[in-house]
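Please read the structure below before turning to the comments.
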Amino acid sequence: MKILHCCLAAFYIDNYGYQENVLPKMHKLQGHDVYILASTETFINNTRLGYIKDSSYYTNENIPITRIPYVKWLPHFVARKLRIYTGILKILNEFKPDIIFLHDVQFISIKVVANYIRINPNVKLFVDGHTDFINSATNWVSKHILHKIIYKWCALRIESYVRKFYGVLPLRVDFFKNVYGIPESKLDLLVLGADDTLFDLSKKESIRERIRNYYGIENDDFLIVTGGKIDKKKNIHLVMKAIQELDQKIKLIVFGSINDDIKDEINLLSGSKNIRFIGWLPTSNIYDVLLASDLAIYPGTHSVLWEQTVGLGLPCIFKRWEGMQHVDVGGNCLFIDEITIINIKEIILRLYNDPLLLNQMKKTATERGIKRFSYFEIAKYAIEQ
């Protein structure tokens, strides 16, 4: 099959572990002919979103990718907000896909895709959604103008041609239904996951020893890990403050890039003896750190790290969000309702002092989480409907 992945509703960041990176990779491994069509929006220096020049090149997996420009007849701010591009039809006509997979629908130029499917009805069309009321529609203009009018028009413009609209969280399935008016018969959950090619569980013990030695962590230390794109909403600074007040045998590794609004506080807290701040890491290195740890904690807004961590078989602590409890596969994790330093300390100590509970969580994560959040399996499911 020839599969075109369209990443035109948001940014596309090369060599990251996001779904729009991993699904094309898995589809290529499964023998498909894959092409990526993306915007020029990306992450600049791993710190901020920005724009690069339109170009064509290959990913590390040798997948061709073309970043197309916004139209010139509108001011750049308007064109990139409405996401109106030039060059989509040229790629469609040249590649001639059997399957088009749209990563989100919030781009006006979606009408070009709709017209192409209308003329080529044998092409299968799938859509995923990464939008919810936590990461989007947070002010009146965004909610009532962008999403309930403009982006809803985008979704409904393509709806009749789509086989499945996949929310990547239960909350995002609901967003498709309640905000864009997508019928339930076309909705499904397509979870995010862990990249199976980047870890080998048979080498877990050697990875654990290597990582712990490198960061000066003893084998019998209780190692907790957290990280991501660190801002105040992630509440990682509260975890660091909690760890400062706990037994010195409890260690914390923090990885990721830091937003300016929290940078000074994170840098100050990083000076604690039982905390290691190790900065931004590529996905494969993140997986090694996860495999070397005893527990992960993510006490703030959702990140792809949630599913990646469960997919590696690691017990977790998450902040409880309605519509995001799919990461619980039957006892592999605990949830915190109210994020405070006291509550973080209490839940960590509960697991630190109860190895039987922790081992049961680990057993569940290994037996159920690894299979449930395997991107190789997720990629197959995504185009089977």
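Every chain in the structure tokens takes a letter, A first, then B, and so on in the order presented; its residues are numbered from 1, and the ligands are numbered from 1 following the presented order.
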Q: Determine, counting only C-alpha atoms, which protein, DNA and RNA residues have an atom within 6 Å of an atom of Cys316 in chain A; residues of the same chain fewer than 3 positions away are not included. Present the result as a list in words.
A: Leu295, Ala296, Ile297 and Cys333 of chain A
Q. Excluding same-chain residues fewer than 6 positions from Gly129 in chain A, what lies within 12 Å of it counting only C-alpha atoms, as a ChimeraX atom specification?
A. /A:7,9-10,19-20,101-106,135-136,151,155,164-177,180,182,187-192
Quick one: residues within 12 Å of range 263-265 of chain A, only C-alpha atoms, excluding same-chain residues fewer than 3 positions away - as a tab-separated table (two decimals) with N, CA and C atoms, in the first residue's frame?
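And here is the file that came out, around.tsv:
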```
chain	number	residue	atom	x	y	z
A	47	THR	N	13.40	24.16	21.90
A	47	THR	CA	12.90	25.08	22.93
A	47	THR	C	11.62	25.80	22.55
A	229	LYS	N	8.48	18.23	27.90
A	229	LYS	CA	8.58	19.67	27.69
A	229	LYS	C	8.10	20.33	28.98
A	230	ILE	N	9.02	20.83	29.76
A	230	ILE	CA	8.74	21.21	31.13
A	230	ILE	C	8.23	22.65	31.21
A	231	ASP	N	6.98	22.80	31.64
A	231	ASP	CA	6.40	24.10	31.95
A	231	ASP	C	5.65	23.98	33.27
A	232	LYS	N	5.04	25.06	33.70
A	232	LYS	CA	4.39	25.04	35.01
A	232	LYS	C	3.24	24.05	35.07
A	235	ASN	N	3.94	20.50	36.39
A	235	ASN	CA	4.10	20.33	37.86
A	235	ASN	C	5.35	19.56	38.25
A	236	ILE	N	6.33	19.52	37.37
A	236	ILE	CA	7.57	18.78	37.68
A	236	ILE	C	8.35	19.46	38.80
A	237	HIS	N	8.24	20.78	38.89
A	237	HIS	CA	8.91	21.50	39.98
A	237	HIS	C	8.38	21.05	41.34
A	238	LEU	N	7.11	20.67	41.40
A	238	LEU	CA	6.55	20.19	42.67
A	238	LEU	C	7.09	18.80	43.03
A	240	MET	N	10.09	17.79	42.23
A	240	MET	CA	11.46	18.04	42.67
A	240	MET	C	11.49	18.54	44.12
A	241	LYS	N	10.54	19.41	44.46
A	241	LYS	CA	10.47	19.90	45.84
A	241	LYS	C	10.12	18.77	46.80
A	256	GLY	N	14.43	16.66	29.73
A	256	GLY	CA	13.55	17.45	28.88
A	256	GLY	C	14.05	18.87	28.67
A	257	SER	N	13.28	19.60	27.88
A	257	SER	CA	13.55	21.01	27.63
A	257	SER	C	12.68	21.84	28.56
A	258	ILE	N	13.20	23.00	29.01
A	258	ILE	CA	12.52	23.81	30.01
A	258	ILE	C	12.00	25.09	29.39
A	259	ASN	N	10.72	25.39	29.63
A	259	ASN	CA	10.16	26.67	29.22
A	259	ASN	C	10.73	27.80	30.08
A	260	ASP	N	10.76	28.98	29.52
A	260	ASP	CA	11.33	30.12	30.23
A	260	ASP	C	10.59	30.42	31.53
A	268	LEU	N	17.45	25.83	39.91
A	268	LEU	CA	17.75	25.91	41.34
A	268	LEU	C	17.50	24.58	42.03
A	269	LEU	N	16.38	23.95	41.73
A	269	LEU	CA	16.04	22.67	42.35
A	269	LEU	C	16.98	21.55	41.90
A	270	SER	N	17.57	21.70	40.72
A	270	SER	CA	18.46	20.67	40.19
A	270	SER	C	19.73	20.52	41.00
A	271	GLY	N	19.99	21.46	41.89
A	271	GLY	CA	21.19	21.37	42.72
A	271	GLY	C	21.08	20.39	43.88
A	277	PHE	N	19.15	16.51	36.93
A	277	PHE	CA	18.53	17.08	35.74
A	277	PHE	C	19.47	16.85	34.56
A	279	GLY	N	18.64	17.23	31.09
A	279	GLY	CA	18.37	17.96	29.87
A	279	GLY	C	17.59	17.17	28.83
```
Got a sec to tell me which of range 64-284 of chain A DSSP assigns to strand (DSSP E), as an mmCIF file with C-alpha atoms, in the first residue's frame?
```cif
data_model
loop_
_atom_site.group_PDB
_atom_site.id
_atom_site.type_symbol
_atom_site.label_atom_id
_atom_site.label_comp_id
_atom_site.auth_asym_id
_atom_site.auth_seq_id
_atom_site.Cartn_x
_atom_site.Cartn_y
_atom_site.Cartn_z
ATOM 1 C CA PRO A 64 10.534 11.007 1.748
ATOM 2 C CA ILE A 65 9.095 14.144 3.305
ATOM 3 C CA THR A 66 8.016 17.400 1.717
ATOM 4 C CA ARG A 67 7.371 20.529 3.772
ATOM 5 C CA ILE A 99 -4.367 5.503 1.938
ATOM 6 C CA ILE A 100 -4.262 9.073 3.257
ATOM 7 C CA PHE A 101 -3.774 9.491 6.986
ATOM 8 C CA LEU A 102 -4.492 13.011 8.226
ATOM 9 C CA HIS A 103 -2.890 13.965 11.527
ATOM 10 C CA LYS A 124 -9.012 5.199 1.978
ATOM 11 C CA LEU A 125 -8.972 8.172 4.333
ATOM 12 C CA PHE A 126 -8.273 8.127 8.068
ATOM 13 C CA VAL A 127 -8.002 11.010 10.535
ATOM 14 C CA ASP A 128 -6.553 11.220 14.007
ATOM 15 C CA GLY A 129 -7.170 13.937 16.585
ATOM 16 C CA LYS A 164 -12.506 6.501 10.946
ATOM 17 C CA PHE A 165 -11.822 9.538 13.085
ATOM 18 C CA TYR A 166 -9.378 8.420 15.775
ATOM 19 C CA GLY A 167 -9.025 10.318 19.014
ATOM 20 C CA LEU A 187 -15.261 7.447 16.000
ATOM 21 C CA ASP A 188 -12.658 5.202 17.592
ATOM 22 C CA LEU A 189 -9.733 5.369 20.010
ATOM 23 C CA PHE A 222 14.730 3.872 44.461
ATOM 24 C CA LEU A 223 14.887 5.694 41.142
ATOM 25 C CA ILE A 224 11.967 7.818 39.951
ATOM 26 C CA VAL A 225 11.888 9.473 36.524
ATOM 27 C CA THR A 226 9.917 12.362 35.053
ATOM 28 C CA GLY A 227 10.305 14.838 32.222
ATOM 29 C CA GLY A 228 9.125 16.129 28.883
ATOM 30 C CA LYS A 229 8.582 19.668 27.686
ATOM 31 C CA ILE A 230 8.742 21.213 31.134
ATOM 32 C CA ILE A 250 15.016 8.012 46.738
ATOM 33 C CA LYS A 251 16.543 9.560 43.615
ATOM 34 C CA LEU A 252 14.917 11.520 40.796
ATOM 35 C CA ILE A 253 15.989 11.914 37.170
ATOM 36 C CA VAL A 254 14.428 14.811 35.278
ATOM 37 C CA PHE A 255 14.883 15.099 31.514
ATOM 38 C CA GLY A 256 13.554 17.454 28.883
ATOM 39 C CA SER A 257 13.552 21.013 27.632
ATOM 40 C CA ILE A 258 12.520 23.807 30.012
ATOM 41 C CA ILE A 275 18.033 14.993 41.849
ATOM 42 C CA ARG A 276 19.675 14.665 38.426
ATOM 43 C CA PHE A 277 18.527 17.078 35.739
ATOM 44 C CA ILE A 278 19.919 15.672 32.484
ATOM 45 C CA GLY A 279 18.373 17.964 29.867
#
```
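Using only C-alpha atoms, the smallest distance between any of A:His27, A:His5, A:Arg80, A:Lys53 and Ile68 in chain A comes from A:Lys53.
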**Q.** Proximity to Arg163 in chain A - best of A:Ala382, A:Cys6, A:Ile262, A:Val22, only C-alpha atoms
**A.** A:Ala382
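Pairwise distance (CA of Ser284 in chain A, CA of Asp200 in chain A) equals 10.8 Å.
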Q. Which residues come within 8 Å of Pro97 in chain A, counting only C-alpha atoms, excluding same-chain residues fewer than 2 positions away, as a ChimeraX atom specification?
A. /A:1-4,92,95,99-100,123
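Considering only C-alpha atoms, the residue among A:Ile36, A:Leu156, A:Ile243, A:Leu82 positioned nearest to Ile347 in chain A is A:Ile243.
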(Q) One number please: CA of Lys362 in chain A to CA of Asn285 in chain A, in Å, one decimal. (A) 21.0 Å
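The protein and nucleic acid residues lying at most 6 Å from range 318-329 of chain A are Pro170, Leu171, Tyr298, Pro299, Gly300, Phe335, Ile336 and Asp337 of chain A, with only C-alpha atoms considered and sequence neighbours fewer than 6 positions away removed.
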Q.
With only C-alpha atoms as the counted atoms, please give the residues lying no more than 8 Å from Ile342 in chain A, apart from itself and same-chain residues fewer than 3 positions off, as a ChimeraX atom specification.
A. /A:242,345-346
Could you save the residues just selected, with N, CA and C atoms, as a short mmCIF file (atom, residue, chain, number, x, y, z; two decimals), in the first residue's frame?
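File produced: again-v6.cif:
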```cif
data_model
loop_
_atom_site.label_atom_id
_atom_site.label_comp_id
_atom_site.auth_asym_id
_atom_site.auth_seq_id
_atom_site.Cartn_x
_atom_site.Cartn_y
_atom_site.Cartn_z
N ALA A 242 9.24 17.86 46.37
CA ALA A 242 8.86 16.72 47.23
C ALA A 242 10.05 15.80 47.45
N LYS A 345 4.51 13.45 47.94
CA LYS A 345 5.35 12.73 48.91
C LYS A 345 4.63 11.48 49.41
N GLU A 346 3.36 11.62 49.73
CA GLU A 346 2.60 10.49 50.29
C GLU A 346 2.51 9.33 49.31
#
```
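Minimum atom-to-atom distance to Asp14 in chain A, evaluated using only C-alpha atoms, belongs to A:Thr59 out of A:Thr59, A:Gly50, A:Arg208, A:Gly313.
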Q) Pick the closest to Glu307 in chain A from A:Lys143, A:Gly181, A:Tyr18, A:Leu49: which is it, counting only C-alpha atoms? A) A:Tyr18
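Around Ala379 in chain A, within 8 Å and counting only C-alpha atoms, the residues found are Leu23, Met26, His27, Tyr375, Phe376, Glu377, Tyr381, Ala382 and Ile383 of chain A, once anything fewer than 2 positions away on its own chain is removed.
The two atoms in question, CA of Gln385 in chain A and CA of Asp98 in chain A, are spaced 13.9 Å apart.
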Q. Nearest to Val179 in chain A: which of A:Gln30, A:Ser206, A:Asn93, A:Thr131 is it, counting only C-alpha atoms?
A. A:Thr131
